[in-house]
Each structure stands twice: as C-alpha cells, then as structure tokens.
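Single-structure report; data block below.
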Amino acid sequence: MGVPVGMGQPTNEAPDKTGVYVMRGDHDRILYVGKALKLRSRINQYLRLQDSRAMVPRLVREIRDIEYILTESEKEALLLERQLIRKLKPKYNVLLRDDKNFLQVRIDDKAPFPRFELVRRRLQDGGRYYGPFPSASVLREYVRLLSRAYRLRTCSDIKLRQRVRPCVMHQMGRCSAPCVFPDENHDYRARVLKAAELLGKRQKDAVTLVEDMMGQAASEERFEDAARYRDLLFALQSIWSRQHVNVTMPLDADIFAIHHGPLGGAIYVLHVRDSAVLGYDADFNEGFISPETCDLESIVFQYYEKRPPPGLVLGEFPKSGMLTAEQLLSEEHGHQVKLAHPRRGQKKALLEIARTNAAQVYVQRSKATESRYELLDTLAATLDLPEPVEVVECIDISSFQGSDAVGAVSVARDGALAKAEYRSFHIRGRTESDFEMMEEVVRRRVKQLADTTEPRLLLVDGGRAHLARILPLIPDAESNLFPAAIAKARPEQGLPYDRVYLPHQREAVPLTPDSRLLLFFQSLRDEAHRFGIEFHRKKRQKRVMSSPLLEIPGIGKHRRLELVRYFGSFKGVQEATIGQLTQVKGISTAMARTIHGHFHDQEESQ
C-alpha cells in the first residue's frame with residue numbers, strides 16, 4: 001500500500017497500526033526503510049517537517065511516495081525492517097553495516113604445535129575459541145605479547161612444514177622453534193594453554209596469574225622465564241593504562257549515542273569490556289533528519305545482525321520497543337541481552353562520553369556531506385542542466401600502439417566515487433581512430449543505460465570534436481543523459497589548463513584552474529584512465545599468455561612479455577626480422593632464428 005506525499009500536508013490514508021514503511025524517491029529509488037508502532041503518526045512526522053535548516057528540506061523533498069506493510073506485532077516489524085534493509089539497500093539506511101565480525105582467537109587442538117590464529121567466524125571444527133574482542137588493535141598486540149612471552153610460533157602452517165633451520169624469531173628468543181626442534185618442545189602444548197588462559201581472564205585475574213608465574217619461575221631459578229613474565233606484565237599494564245575512561249564497577253556493555261544536526265545525524269558506539277573501553281564504531285547518516293524519525297532499538301538490532309552483543313546495551317531507548325529488541329537479540333544469540341537507559345552513576349557518565357564523541361563525529365563528517373551537495377548544486381548551475389544530476393560518468397579510451405584497445409567508465413554518485421559501478425569494454429571495431437573507438441564505447445554504454453531513469457552527466461575524455469561525434473548517439477532532448485567533454489591542457493597552443501565543453505557551444509565552460517568543479521571532473525577523468533590502464537594491462541597479459549608464442553620452445557612468460565612490449569603486438573613479432581628480434585632484451589641470435597623460423601616455416605607449409 002502507498003501514501004501520496006505532499007510537503008507539509010498530513011495524511012489520513014495510512015492506518016495507525018504497527019508496520020514497516022518504505023520511502024521512495026524519483027525514478028522509484030529506495031530512500032529509507034523504517035518501522036513504526038503507529039504508521040500514520042510516523043509518516044506525518046515526515047510530511048509536517050517544516051525545518052528550514054540546511055539539508056533537511058532537501059532530503060524530505062526527495063520523498064515521492066511512502067509505502068507501508070502492516071504487521072501483527074512490533075517483533076514482526078523489527079524482523080521485516082531488517083530483512084528489507086538487507087534486500088533493498090536504501091540510500092539512507094547505511095548505519096554501521098560492517099559485515100566483519102569482531103576478532104576471535106582460535107587454537108587448533110589437532111595440530112602438533114598450534115598457534116594463536118585470529119579469525120572472525122566461529123566454526124564447528126573442533127578448535128578452541130576465545131573472544132570475541134571488540135578492539136582488533138588491542139587483541140593483535142595482546143596475542144603478540146603472549147606469543148613472545150611463551151615462545152610460541154607465529155608462522156603459518158605452510159612455513160612450519162617448509163622450515164629446515166630456525167628463523168630469526170628463535171634467534172631473538174621469541175620462539176622455541178618447534179619446526180626444527182620438535183623433541184625439545186615436549187611442553188609446547190602446555191605453554192599454549194597457559195597463554196590461552198590469560199585470554200579469558202579479567203585484568204586483575206590476569207595480573208595475579210602472571211605475577212604468580214613470575215614468582216614461581218624466580219623461586220625455581222628459571223630467571224629467563226621470570227624475566228619474560230615480568231616483561232609481559234609491564235606490557236599488559238601498558239595496554240590497559242591507555243584506556244582514558246576508568247570504570248570502577250564490573251561492566252561489559254556497548255553504549256549507543258546519536259547526535260542530530262541540520263545535515264543529518266551521527267551514531268557512536270562505545271565498547272566496554274572488563275571495565276575498560278576497548279574500541280568504538282562511528283558513522284554519519286544524512287537520513288537522520290529529525291530525532292523523531294530515529295528508532296534506536298532498530299539500529300541496535302541491525303547492528304548485531306552479524307556480531308555478538310554483550311549482555312548489556314546502553315542508550316537513550318524509549319520505554320516502548322526495548323522489550324521486543326531484548327527478546328529478539330536474546331533469542332538470536334543464545335544469551336540474555338538487556339537494553340537500558342541509564343539515569344545516574346557511571347553508566348550515565350559513559351553515555352555522556354558517547355554523546356560527546358557522537359557530536360564530534362557529526363562535526364567532522366557532516367562537512368563532507370555539505371561539500372558534496374554544494375558541488376552538485378554548482379554542477380547543475382554551471383552547466384545549466386534542466387534538473388539536478390547526482391551521477392556523473394567519464395569515458396576514456398586506452399590502447400598501446402593500436403593494440404588491445406579498451407574503454408573504461410568511471411562513475412561518481414552524490415559527488416563521491418562509486419567504484420562498484422565502474423565498467424570496462426573490449427573495443428570490437430577499428431582501433432586506428434580514437435573517434436571511432438569513443439563512438440563505439442558511448443554507443444554501448446548508452447545501450448546499457450537504456451532502462452536507467454535517473455539523470456546522468458556523460459563526460460568523455462576529449463575536446464569539441466569528440467563531443468560532436470558522440471552527440472548523434474545520445475537519445476532525443478527528453479533523454480536523461482547530458483553529454484559533455486573534458487579536454488586536456490595544451491600549453492603549446494596557449495591553453496594552459498583543462499577545459500570542459502558542452503554541446504553546441506564553441507567556447508569552453510568558464511572554470512578557473514582551481515575550480516572545485518574542474519578538479520572534480522579531472523579526478524573522475526584520471527580515475528577512468530587508471531581503471532582503463534589496469535584493464536588494458538590485464539587484457540594484454542592474458543593475450544600474451546595465450547598467444548602462439550607459447551608454441552615456440554624456449555619462450556617463457558618473461559620473454560613473451562618483452563617481445564610483445566617491444567613490437568607492440570603479436571603481429572609485430574611475427575613480421576620482425578632476425579636482426580630486429582635480437583634487439584629485444586633476453587633474445588639471443590639463436591633464439592631470434594628459432595622465433596623467425598617458427599613463423600616463416602608455418603607460412604611456407606600453408
């Protein structure tokens with residue numbers, strides 16, 4: 001079901017029931033997916049929004065239609081919301097959706113000399129797992145210290161099998177070299193388990209354990225071991241002392257905070273484990289256009305989709321919704337998870353710290369968003385476009401002495417590079433003319449975009465002549481494609497910097513050399529060139545590796561590459577004389593005769 005949208009006008013069409021709403025913009029683009037206990041109230045919060053600050057009206061104006069799906073309960077709405085976000089990938093639902101899980105430590109009990117392996121997924125493979133740990137940097141240093149203190153190997157299994165003499169780690173006293181001294185490492189597994197025991201200990205317990213081992217080693221006159229435990233203790237205390245927040249009460253929790261502003265909102269997640277701040281996650285989202293349109297429990301539920309939650313999650317949660325999110329998180333992760341809004345004490349102090357950091361993230365990252373929108377406004381005004389353009393493409397041609405020509409398309413969306421949308425083309429037609437190659441690529445690209453309705457600026461690398469050649473390939477005036485060209489500087493012709501040309505205009509667009517719009521076009525052109533060169537290189541290498549040169553005995557990979565690089569193509573190698581072939585690096589006179597004879601003997605036999 002759908003609701004017609006009118007700015008500032010409330011609607012009575014949506015029922016005041018629980019469900020999920022989907023916001024759509026121009027050309028049916030999905031903008032935002034959210035849930036609501038009362039759909040009509042939530043939708044009207046958007047439609048009544050009369051905020052004149054910066055980007056808020058612009059974002060709301062993007063909404064063309066709001067669809068809704070009724071659900072039987074808030075639990076169903078929460079699950080459906082997450083499912084739709086995963087499937088539809090809305091423009092503004094981009095909050096902290098990192099698919100990477102927290103790091104864990106794995107020990108392979110089946111290996112004769114196991115090591116600490118850092119993994120992100122816990123498998124049913126018989127291994128011993130510790131974690132997860134929120135801070136990857138702290139964990140990596142912790143594991144490195146433990147491996148050094150207990151003289152455990154850190155090399156891969158392949159290197160372990162290939163090693164024939166001790167490595168430098170053994171010479172430095174950091175590894176007992178089980179690879180070459182297996183008989184002297186009868187206690188290796190016991191050392192691994194002692195080190196692993198520290199991974200599961202809290203700070204005080206870990207300090208006590210290390211101190212006990214240091215004292216025992218000293219009493220037994222194992223002074224080298226005692227020194228290693230002493231160094232480990234100092235290193236661990238150094239790690240823990242870096243925490244700038246002291247929590248005197250036992251606490252394992254994540255703290256969520258959101259800061260709103262005229263350009264959107266920032267979210268900040270503080271990770272506290274064993275009463276110490278071990279890390280954080282942060283993101284900025286233009287979709288946070290008002291505190292009223294943010295469901296923190298939904299964000300928390302989506303955040304823990306692929307990562308384990310602690311037993312306690314703190315934030316400014318409303319009373320409604322917390323129980324549902326708690327129930328779902330507890331069911332999905334197999335342990336009790338509690339959501340709470342602290343009002344006093346150290347937990348409230350931690351929430352204030354998270355709020356302060358969320359505000360800082362907003363200040364830092366909202367500037368980039370504002371700058372991008374200013375760029376898009378400048379682009380539309382400077383090029384006199386009939387409608388705003390969020391997608392800009394640049395087409396470039398790459399070839400080497402006329403061989404292996406390719407076309408490359410770089411894409412920027414909302415002023416930022418969108419590498420997932422880059423495209424490359426093998427040139428099928430004639431490769432002698434740069435104009436004809438550009439025409440072929442533009443023709444094929446326009447065909448690819450036939451079903452795309454969103455406006456695009458199509459920028460070709462070339463001058464007025466290139467632009468004139470591709471104009472007949474662009475559909476009629478009602479097309480959503482707007483062609484332009486960017487020409488390189490020609491100082492020898494009195495043209496000291498790059499120019500941008502529009503159709504049917506002899507003079508270039510008046511852009512200064514330091515214009516942000518010109519710099520944007522130049523960066524997009526350079527990106528297309530880089531992408532094309534990379535694709536061209538792969539194509540050449542693939543052709544060389546599968547060329548008839550493989551049939552010549554004694555011609556390996558490097559010589560094939562040198563031959564094609566020197567003559568420009570396989571045909572050039574085939575037509576070369578013996579004298580010319582000897583000019584190539586690594587080709588002797590005898591080898592040149594073999595190559596020349598191979599091709600010419602084939603010609604005579606045909």
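Letters A, B, ... go to the chains of the structure tokens in the order shown; residues in each chain start at 1; ligands are counted from 1 in the same order.
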Close residues, A:Glu527 itself excluded, 10 Å, only C-alpha atoms, min 2 positions apart in chain, as an NGL selection string: :A and (394-396 or 408-411 or 417 or 419 or 422 or 521-525 or 529-533)
How close does each residue of stretch 453-522 of chain A get to stretch 369-376 of chain A, giving the shortest atom pair and distance in Å to one decimal for every residue with an atom at most 10 Å away, counting only C-alpha atoms, sorted by chain and residue number, as JSON lines?
```
{"residue": "A:Arg516", "atom": "CA", "partner": "A:Leu375", "partner_atom": "CA", "distance": 7.5}
{"residue": "A:Leu517", "atom": "CA", "partner": "A:Leu375", "partner_atom": "CA", "distance": 6.7}
{"residue": "A:Phe520", "atom": "CA", "partner": "A:Leu375", "partner_atom": "CA", "distance": 8.7}
```
Let's see if you can do this: from backbone DSSP, list all strand (DSSP E or B) residues in stretch 95-317 of chain A, as a count of residues only. 46
Go through A:His600, A:Arg115, A:Arg593, A:Lys338 and flag the residue nearest A:Gly315, using only C-alpha atoms for the distances. A:Lys338
Find the residues near stretch 12-24 of chain A: any atom within 6 Å, counting only C-alpha atoms, skip ones fewer than 2 places away on the same chain, and give them as an MDAnalysis selection string. chainID A and resid 28:40 63:71 77
Please produce a file of the residues just selected, as a tab-separated table (two decimals), in the first residue's frame, where the atoms kept are N, CA and C atoms.
```
chain	number	residue	atom	x	y	z
A	28	ASP	N	11.69	5.76	-8.70
A	28	ASP	CA	11.41	4.60	-7.85
A	28	ASP	C	12.60	4.18	-6.99
A	29	ARG	N	13.49	5.10	-6.72
A	29	ARG	CA	14.68	4.79	-5.93
A	29	ARG	C	14.32	4.66	-4.46
A	30	ILE	N	14.79	3.60	-3.81
A	30	ILE	CA	14.51	3.37	-2.40
A	30	ILE	C	15.37	4.31	-1.57
A	31	LEU	N	14.72	5.11	-0.71
A	31	LEU	CA	15.44	6.08	0.10
A	31	LEU	C	15.64	5.60	1.54
A	32	TYR	N	14.58	5.06	2.13
A	32	TYR	CA	14.67	4.74	3.55
A	32	TYR	C	13.64	3.68	3.90
A	33	VAL	N	14.01	2.80	4.81
A	33	VAL	CA	13.09	1.78	5.34
A	33	VAL	C	13.09	1.91	6.86
A	34	GLY	N	11.91	1.98	7.44
A	34	GLY	CA	11.81	2.10	8.89
A	34	GLY	C	10.58	1.39	9.41
A	35	LYS	N	10.49	1.27	10.73
A	35	LYS	CA	9.32	0.65	11.35
A	35	LYS	C	8.63	1.68	12.24
A	36	ALA	N	7.39	1.41	12.57
A	36	ALA	CA	6.64	2.33	13.43
A	36	ALA	C	5.54	1.57	14.15
A	37	LEU	N	5.31	1.93	15.40
A	37	LEU	CA	4.18	1.36	16.13
A	37	LEU	C	2.87	1.94	15.61
A	38	LYS	N	2.92	3.22	15.17
A	38	LYS	CA	1.75	3.87	14.59
A	38	LYS	C	2.18	4.50	13.28
A	39	LEU	N	1.87	3.84	12.17
A	39	LEU	CA	2.35	4.26	10.86
A	39	LEU	C	1.90	5.67	10.50
A	40	ARG	N	0.63	5.98	10.72
A	40	ARG	CA	0.13	7.29	10.32
A	40	ARG	C	0.89	8.40	11.06
A	63	ILE	N	11.43	12.60	-1.16
A	63	ILE	CA	10.39	11.58	-0.99
A	63	ILE	C	9.26	11.84	-1.97
A	64	ARG	N	8.94	10.82	-2.77
A	64	ARG	CA	7.83	10.91	-3.72
A	64	ARG	C	6.67	9.99	-3.33
A	65	ASP	N	6.97	8.97	-2.59
A	65	ASP	CA	5.92	8.02	-2.21
A	65	ASP	C	6.38	7.28	-0.96
A	66	ILE	N	5.46	6.97	-0.08
A	66	ILE	CA	5.76	6.19	1.11
A	66	ILE	C	4.84	4.98	1.13
A	67	GLU	N	5.40	3.80	0.98
A	67	GLU	CA	4.62	2.56	1.04
A	67	GLU	C	4.71	2.00	2.45
A	68	TYR	N	3.71	1.22	2.82
A	68	TYR	CA	3.74	0.63	4.15
A	68	TYR	C	3.25	-0.81	4.10
A	69	ILE	N	3.73	-1.60	5.04
A	69	ILE	CA	3.34	-3.01	5.18
A	69	ILE	C	2.92	-3.21	6.63
A	70	LEU	N	1.70	-3.65	6.85
A	70	LEU	CA	1.21	-3.88	8.21
A	70	LEU	C	1.76	-5.20	8.75
A	71	THR	N	2.03	-5.22	10.05
A	71	THR	CA	2.49	-6.44	10.71
A	71	THR	C	1.64	-6.68	11.95
A	77	ALA	N	7.58	-6.47	12.86
A	77	ALA	CA	8.02	-5.25	12.17
A	77	ALA	C	9.54	-5.10	12.24
```
What is the atom CA of A:Phe288-atom CA of A:Leu385 distance in Å, reported with one decimal?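 Between these atoms lies a distance of 29.0 Å.
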